[in-house]
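Data first, discussion second: the structure below is written as structure tokens.
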Amino acid sequence: MSTLFDEKIHETLADPKLQLAIYKATGRLVEERRKAIEPDICPDYQELRTQANAVKRHTIEHLDYYLEEFARNLEAHGGKAIFCRDAEEVSDFVLSLAKERGAELIVKSKSMTTEEIDLNERLEHHHLESVETDLGEYIIQLAHERPYHIVAPALHKTREQVADLLTDKLGVPRETVIEKQTMIARAVLREKFLAADIGISGANFLVADSGAVVLVENEGNARLTTSAPKIHIAVAGIEKLIPRAQDLAVFLKLLGRSATGQWLTVYTSFLSGPRRKNEIDGPEEFYVVLLDNGRTKVLADREKRQSLYCIRCGACLNHCPVYRKIGGHSFPWVYSGPIGAILTPQFLGVRHEPGLPFASSLCGACAEVCPVKIDIPQILLDLRSEVKKAETREGTNRLERLAFRVWAWVMRHPRIYEIAGMAAAALAPSRDSGWVRSVPVSAGPLRAWLSQRDLPPAAPKSFRQMWRDR
Amino acid sequence: MAARVSLFVTCIVDQLFPKVGMAVVDVLERLGYQVHFPEQQTCCGQPAFNSGYREEARQVARHFLNVFGDADYIVVPSGSCTSMIAHHFSDIFKKEPENLERARAIESRVFEFSRFLLDVAKVEDVGARLEQVVTYHDSCHALRALGVKDGPRRLLGHVRGLELREIDAAEECCGFGGTFSVKFAEVSGGMARTKIDSIVRTGASTVVAVDSSCLMQLQGALSRAGVPVRTMHLAEVLASR
């Protein structure tokens, strides 16, 4: 039975242009990261990872404490903390605020959290215009798509495709030079920044001891989003907390390097509260939405709560040989790649796309590059076990379960195992040394194997027989 | 008296690649070890474990503990099976204190083949000769779970007549992944083809690894593509003369 997941994988693999685009873009990011963490450039890279993991572990274990501390310090600066359970509560808050202030236009800087809750769609549904101002996000908003990659949302689009899109949506002459495309977007977006009533950003970090929102970016659009409009709303998952401003010394070093190979991103903004009396710019109102949306459910699981350490650098995507084949849109939710494969089942339930935790060779490249050391392969294994438990409860996938039961029984009975091996070898079509391209009757796993690769010929004798004979 | 090592040959070598097992025996005996092959052995349980069937994996792992519980050294021609035994047994037995203790006791006595040669036998030159240009593929579990990286290269470096050429993406997965290879066959096949492209670019005639499962994936893809590169387990290279 083929699922939507399987179909999208097949489509992506069958598109050579897309394959090349994914491979080149991720390959470039892999190479940039490699250069940025070389021992002579970043000698304490492994220690930084250990430290980042320890800080995140501590924070997640004491999240209640740091949430309160953050809210208290934020409000001391004149900001306001808004606790939201889910997507609807966030959009209700934004909508009612917009209504009270008579707002019509919203500018947004890049935020996976707002993607997670489909905020743009929810606002547009209520006739509020919400414009993405990060170039990649703007492109995919024009195309009505969701991000292809956590860090590089339009990674899959070639410059030719972007040229067509801009012509089609904005009615501008076709332009294939990237710098000129950027200028087209810039001209549109500048007007939006000036006219916007509300700016919505995400948050890379929430600093508890200073009540500050930290944003990293390269385009400067987040600065405009958070300073030009009269109202700034930062939407952040509650796991974005870190205890102290000095912890940023660890995380900022890791985030840029892991994401794009930058020692630091071009802009790092520390936002703590609205404009003060003696300041010349900044918003008049400053809100931080602290979103649960399933995070406390993940937090309740002692083994898997480390999933919340993620700082959304995207390194696991770039290094994942599966992501590099199936791309971002094959994944069933906004988070793609290895981190998506562990977040999606935890947020949406293991039955949402039961195949997802199995779409991995468990090669471990993700865990190796994760700046906060999330043990993604181990979590995938745990999720696989949960999928099988759910299937047992529901009585689905019975044939596979039976096969593994029989297999386990055979493996506990060495004599039966040996006879079964001999029977399989006797039934195998080829006993010469050549690898087998096809067999007369194939089904299930055998057929799947042969769809891609040749099969090893049956060995005339098993090792144990050779051992006895020698 | 020669030290005794117990060979866990793995089910895939036993059934499909018995010559790899014989090569392991050959190398170990040349080094003066007395090789013991417990005939009750079958599998480590990894296929069930990786497929989410914890109880089935546990049953097979218990059998493994019964067969190998008393061994001084267990040598395994696979990084993947070694990491299952050394890293995941303690996970699957976390609610069985007695078996957990036995699993913990085994962790320090189970050795991937190249690790055993370097860390226990303390040899780099086993006296092998092979006139071939070879490249080495890092099996993921050997590399990332066990830290096996330089060892096989050092061993290959002492093989007379052998030239080792590095793959540009040596550490990228071959795409096997156990049941992943059939559950997501198209993705797995694509990964294998990417890998063989980089193998071909080395100009090597042979690709060497420490896991027969990766080699089965690679040989299957090489054979399907009609590429005249062959695969050899490290043990087969070291048994050549």
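Going through the structure tokens in order, the chains are called A, B, and so on, while each chain numbers its residues from 1 and the ligands are numbered from 1 in the order shown.
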
Using the chain letters and numbers from this document, which residues of stretch 20-159 of chain B does DSSP assign to strand (DSSP E or B), as a PDB file with C-alpha atoms, in the first residue's frame?
```pdb
ATOM      1  CA  GLN B  34      42.679 -20.692  19.203  1.00  0.00           C
ATOM      2  CA  VAL B  35      39.340 -19.994  17.519  1.00  0.00           C
ATOM      3  CA  HIS B  36      36.206 -21.369  19.066  1.00  0.00           C
ATOM      4  CA  ILE B  74      34.082 -12.393  21.204  1.00  0.00           C
ATOM      5  CA  VAL B  75      35.265 -11.440  17.728  1.00  0.00           C
ATOM      6  CA  VAL B  76      32.669 -10.205  15.223  1.00  0.00           C
ATOM      7  CA  VAL B 110      33.029  -8.044  22.275  1.00  0.00           C
ATOM      8  CA  PHE B 111      35.279  -6.770  19.492  1.00  0.00           C
ATOM      9  CA  GLU B 112      34.722  -5.807  15.930  1.00  0.00           C
ATOM     10  CA  ARG B 129      49.724  -9.543   0.235  1.00  0.00           C
ATOM     11  CA  LEU B 130      47.206  -8.345  -2.336  1.00  0.00           C
ATOM     12  CA  GLU B 131      48.110  -6.694  -5.630  1.00  0.00           C
ATOM     13  CA  GLN B 132      45.112  -4.405  -5.864  1.00  0.00           C
ATOM     14  CA  VAL B 133      44.070  -0.783  -5.861  1.00  0.00           C
ATOM     15  CA  VAL B 134      41.415  -0.653  -3.159  1.00  0.00           C
ATOM     16  CA  THR B 135      39.248   1.930  -1.490  1.00  0.00           C
ATOM     17  CA  TYR B 136      37.776   1.731   1.997  1.00  0.00           C
TER      18      TYR B 136
END
```

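Counting only C-alpha atoms, every residue of chain B that comes within 6 Å of chain A is listed here: Asp14, Gln15, Leu16, Pro18, Gln40, Thr42, Gly52, Glu56, Val60, His63, Cys140, Gly177, Phe180, Val182, Ala185, Gly189, Gly220, Ala221 and Arg224 of chain B.
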
Original post:
Using the chain letters and numbers from this document, which residues of stretch 162-223 of chain A does DSSP assign to alpha helix (DSSP H), as a ChimeraX atom specification?
Top reply: /A:162-170,178-195,221-223

For those residues, write N, CA and C atoms to a file as a short mmCIF file (atom, residue, chain, number, x, y, z; two decimals), in the first residue's frame.
```
data_model
loop_
_atom_site.label_atom_id
_atom_site.label_comp_id
_atom_site.auth_asym_id
_atom_site.auth_seq_id
_atom_site.Cartn_x
_atom_site.Cartn_y
_atom_site.Cartn_z
N VAL A 162 12.50 30.85 -9.83
CA VAL A 162 12.21 32.08 -9.08
C VAL A 162 11.87 33.21 -10.06
N ALA A 163 12.60 33.26 -11.18
CA ALA A 163 12.34 34.29 -12.20
C ALA A 163 10.89 34.18 -12.70
N ASP A 164 10.47 32.96 -13.01
CA ASP A 164 9.10 32.76 -13.49
C ASP A 164 8.08 33.16 -12.43
N LEU A 165 8.39 32.79 -11.20
CA LEU A 165 7.47 33.08 -10.09
C LEU A 165 7.28 34.58 -9.91
N LEU A 166 8.40 35.33 -9.92
CA LEU A 166 8.32 36.78 -9.72
C LEU A 166 7.54 37.45 -10.86
N THR A 167 7.79 36.98 -12.07
CA THR A 167 7.07 37.53 -13.22
C THR A 167 5.57 37.25 -13.10
N ASP A 168 5.29 36.01 -12.76
CA ASP A 168 3.90 35.57 -12.65
C ASP A 168 3.14 36.31 -11.54
N LYS A 169 3.76 36.44 -10.37
CA LYS A 169 3.05 36.98 -9.21
C LYS A 169 3.13 38.50 -9.10
N LEU A 170 4.24 39.09 -9.56
CA LEU A 170 4.42 40.53 -9.38
C LEU A 170 4.32 41.30 -10.69
N ILE A 178 20.41 36.50 -9.63
CA ILE A 178 19.91 36.43 -8.26
C ILE A 178 19.93 37.80 -7.56
N GLU A 179 21.00 38.56 -7.76
CA GLU A 179 21.09 39.86 -7.12
C GLU A 179 19.94 40.77 -7.56
N LYS A 180 19.61 40.68 -8.84
CA LYS A 180 18.52 41.52 -9.35
C LYS A 180 17.16 41.04 -8.85
N GLN A 181 17.03 39.74 -8.72
CA GLN A 181 15.78 39.19 -8.14
C GLN A 181 15.62 39.71 -6.71
N THR A 182 16.76 39.74 -6.00
CA THR A 182 16.73 40.23 -4.62
C THR A 182 16.26 41.69 -4.58
N MET A 183 16.73 42.49 -5.54
CA MET A 183 16.34 43.90 -5.57
C MET A 183 14.84 44.07 -5.86
N ILE A 184 14.31 43.17 -6.68
CA ILE A 184 12.86 43.21 -6.96
C ILE A 184 12.08 42.97 -5.66
N ALA A 185 12.49 41.92 -4.95
CA ALA A 185 11.81 41.59 -3.70
C ALA A 185 11.98 42.72 -2.69
N ARG A 186 13.18 43.26 -2.67
CA ARG A 186 13.48 44.34 -1.72
C ARG A 186 12.58 45.56 -1.93
N ALA A 187 12.38 45.90 -3.21
CA ALA A 187 11.53 47.06 -3.52
C ALA A 187 10.11 46.83 -3.02
N VAL A 188 9.60 45.64 -3.21
CA VAL A 188 8.24 45.32 -2.74
C VAL A 188 8.20 45.37 -1.21
N LEU A 189 9.21 44.73 -0.61
CA LEU A 189 9.18 44.55 0.85
C LEU A 189 9.42 45.85 1.62
N ARG A 190 10.23 46.75 1.05
CA ARG A 190 10.46 48.03 1.73
C ARG A 190 9.13 48.75 1.98
N GLU A 191 8.29 48.75 0.97
CA GLU A 191 6.99 49.40 1.10
C GLU A 191 6.16 48.74 2.20
N LYS A 192 6.27 47.43 2.25
CA LYS A 192 5.50 46.70 3.27
C LYS A 192 5.99 47.05 4.67
N PHE A 193 7.32 47.11 4.83
CA PHE A 193 7.88 47.45 6.14
C PHE A 193 7.35 48.81 6.62
N LEU A 194 7.33 49.77 5.68
CA LEU A 194 6.93 51.13 6.06
C LEU A 194 5.44 51.21 6.39
N ALA A 195 4.67 50.37 5.73
CA ALA A 195 3.21 50.45 5.92
C ALA A 195 2.69 49.52 7.01
N ASN A 221 16.18 41.77 7.54
CA ASN A 221 14.72 41.91 7.50
C ASN A 221 14.09 41.72 8.89
N ALA A 222 14.75 40.92 9.72
CA ALA A 222 14.21 40.72 11.07
C ALA A 222 14.33 42.01 11.88
N ARG A 223 15.42 42.75 11.64
CA ARG A 223 15.58 44.04 12.33
C ARG A 223 14.46 45.01 11.97
#
```

If we count only C-alpha atoms, what is near A:Leu271 at a cut-off of 7 Å, once residues fewer than 2 positions away on the same chain are taken out, given as a PDB file with N, CA and C atoms, in the first residue's frame?
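Produced file out_5.pdb, reproduced below:
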```
ATOM      1  N   ALA A 212      15.144  38.739  27.382  1.00  0.00           N
ATOM      2  CA  ALA A 212      15.381  39.195  26.012  1.00  0.00           C
ATOM      3  C   ALA A 212      15.081  38.111  24.983  1.00  0.00           C
ATOM      4  N   VAL A 213      14.661  38.587  23.811  1.00  0.00           N
ATOM      5  CA  VAL A 213      14.499  37.713  22.646  1.00  0.00           C
ATOM      6  C   VAL A 213      15.736  37.910  21.779  1.00  0.00           C
ATOM      7  N   VAL A 214      16.385  36.828  21.386  1.00  0.00           N
ATOM      8  CA  VAL A 214      17.547  36.938  20.513  1.00  0.00           C
ATOM      9  C   VAL A 214      17.199  36.391  19.137  1.00  0.00           C
ATOM     10  N   SER A 269      20.369  40.180  16.976  1.00  0.00           N
ATOM     11  CA  SER A 269      19.606  41.223  17.663  1.00  0.00           C
ATOM     12  C   SER A 269      19.181  40.759  19.048  1.00  0.00           C
ATOM     13  N   GLY A 273      12.090  44.264  25.304  1.00  0.00           N
ATOM     14  CA  GLY A 273      11.037  45.223  25.609  1.00  0.00           C
ATOM     15  C   GLY A 273      10.823  46.262  24.517  1.00  0.00           C
TER      16      GLY A 273
END
```

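Nearest-residue note for B:Lys183: choosing from A:Ala81, A:Gly340, A:Glu88, A:Ser2, the minimum distance belongs to A:Ser2, counting only C-alpha atoms.
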
**OP:** Find the residues near B:Gly69: any atom within 10 Å, counting only C-alpha atoms, skip ones fewer than 6 places away on the same chain, and give them as a PyMOL selection string.
**Re:** chain B and resi 62-63+99+102-103+105-106+109

Subject >> A:Cys366 environment, 12 Å, only C-alpha atoms, sequence neighbours closer than 6 positions dropped, as number ranges by chain >> reply: A: 30, 258, 310, 313-323, 337-342, 360, 372-380; B: 140, 144, 172-173

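Going from atom CA of B:Lys19 to atom CA of B:Arg241 covers 15.1 Å.
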
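Atom CA of B:Thr202 to atom CA of B:Ala169 spans 10.7 Å [interatomic distance, one decimal].
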
Find the residues around A:Leu4 up to 10 Å (only C-alpha atoms counted), leave out those fewer than 6 positions away in its own chain, and share them as a PDB file with N, CA and C atoms, in the first residue's frame.
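So selection.pdb came out as:
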```pdb
ATOM      1  N   HIS A  10       8.810   9.135  -4.145  1.00  0.00           N
ATOM      2  CA  HIS A  10       8.998   8.662  -5.516  1.00  0.00           C
ATOM      3  C   HIS A  10       9.100   9.841  -6.496  1.00  0.00           C
ATOM      4  N   SER A 330       8.750  15.859   0.970  1.00  0.00           N
ATOM      5  CA  SER A 330       8.252  14.494   1.182  1.00  0.00           C
ATOM      6  C   SER A 330       7.803  14.310   2.626  1.00  0.00           C
ATOM      7  N   PHE A 331       8.410  15.083   3.502  1.00  0.00           N
ATOM      8  CA  PHE A 331       8.101  14.922   4.924  1.00  0.00           C
ATOM      9  C   PHE A 331       6.682  15.421   5.212  1.00  0.00           C
ATOM     10  N   PRO A 332       5.983  14.733   6.135  1.00  0.00           N
ATOM     11  CA  PRO A 332       4.569  15.030   6.310  1.00  0.00           C
ATOM     12  C   PRO A 332       4.249  16.314   7.072  1.00  0.00           C
ATOM     13  N   GLU A 353       2.032   9.542  10.469  1.00  0.00           N
ATOM     14  CA  GLU A 353       2.704   8.935   9.303  1.00  0.00           C
ATOM     15  C   GLU A 353       3.613   7.850   9.867  1.00  0.00           C
TER      16      GLU A 353
END
```

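Each of B:Val120, B:Ile12, B:Leu7, B:Val20 was compared to B:Phe68 using only C-alpha atoms, and B:Leu7 turns out to be the nearest.
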
Original post:
If you measure from atom CA of B:Leu238 to atom CA of B:Ser213, what distance in Å do you get, rounded to one decimal?
Top reply: 18.6 Å
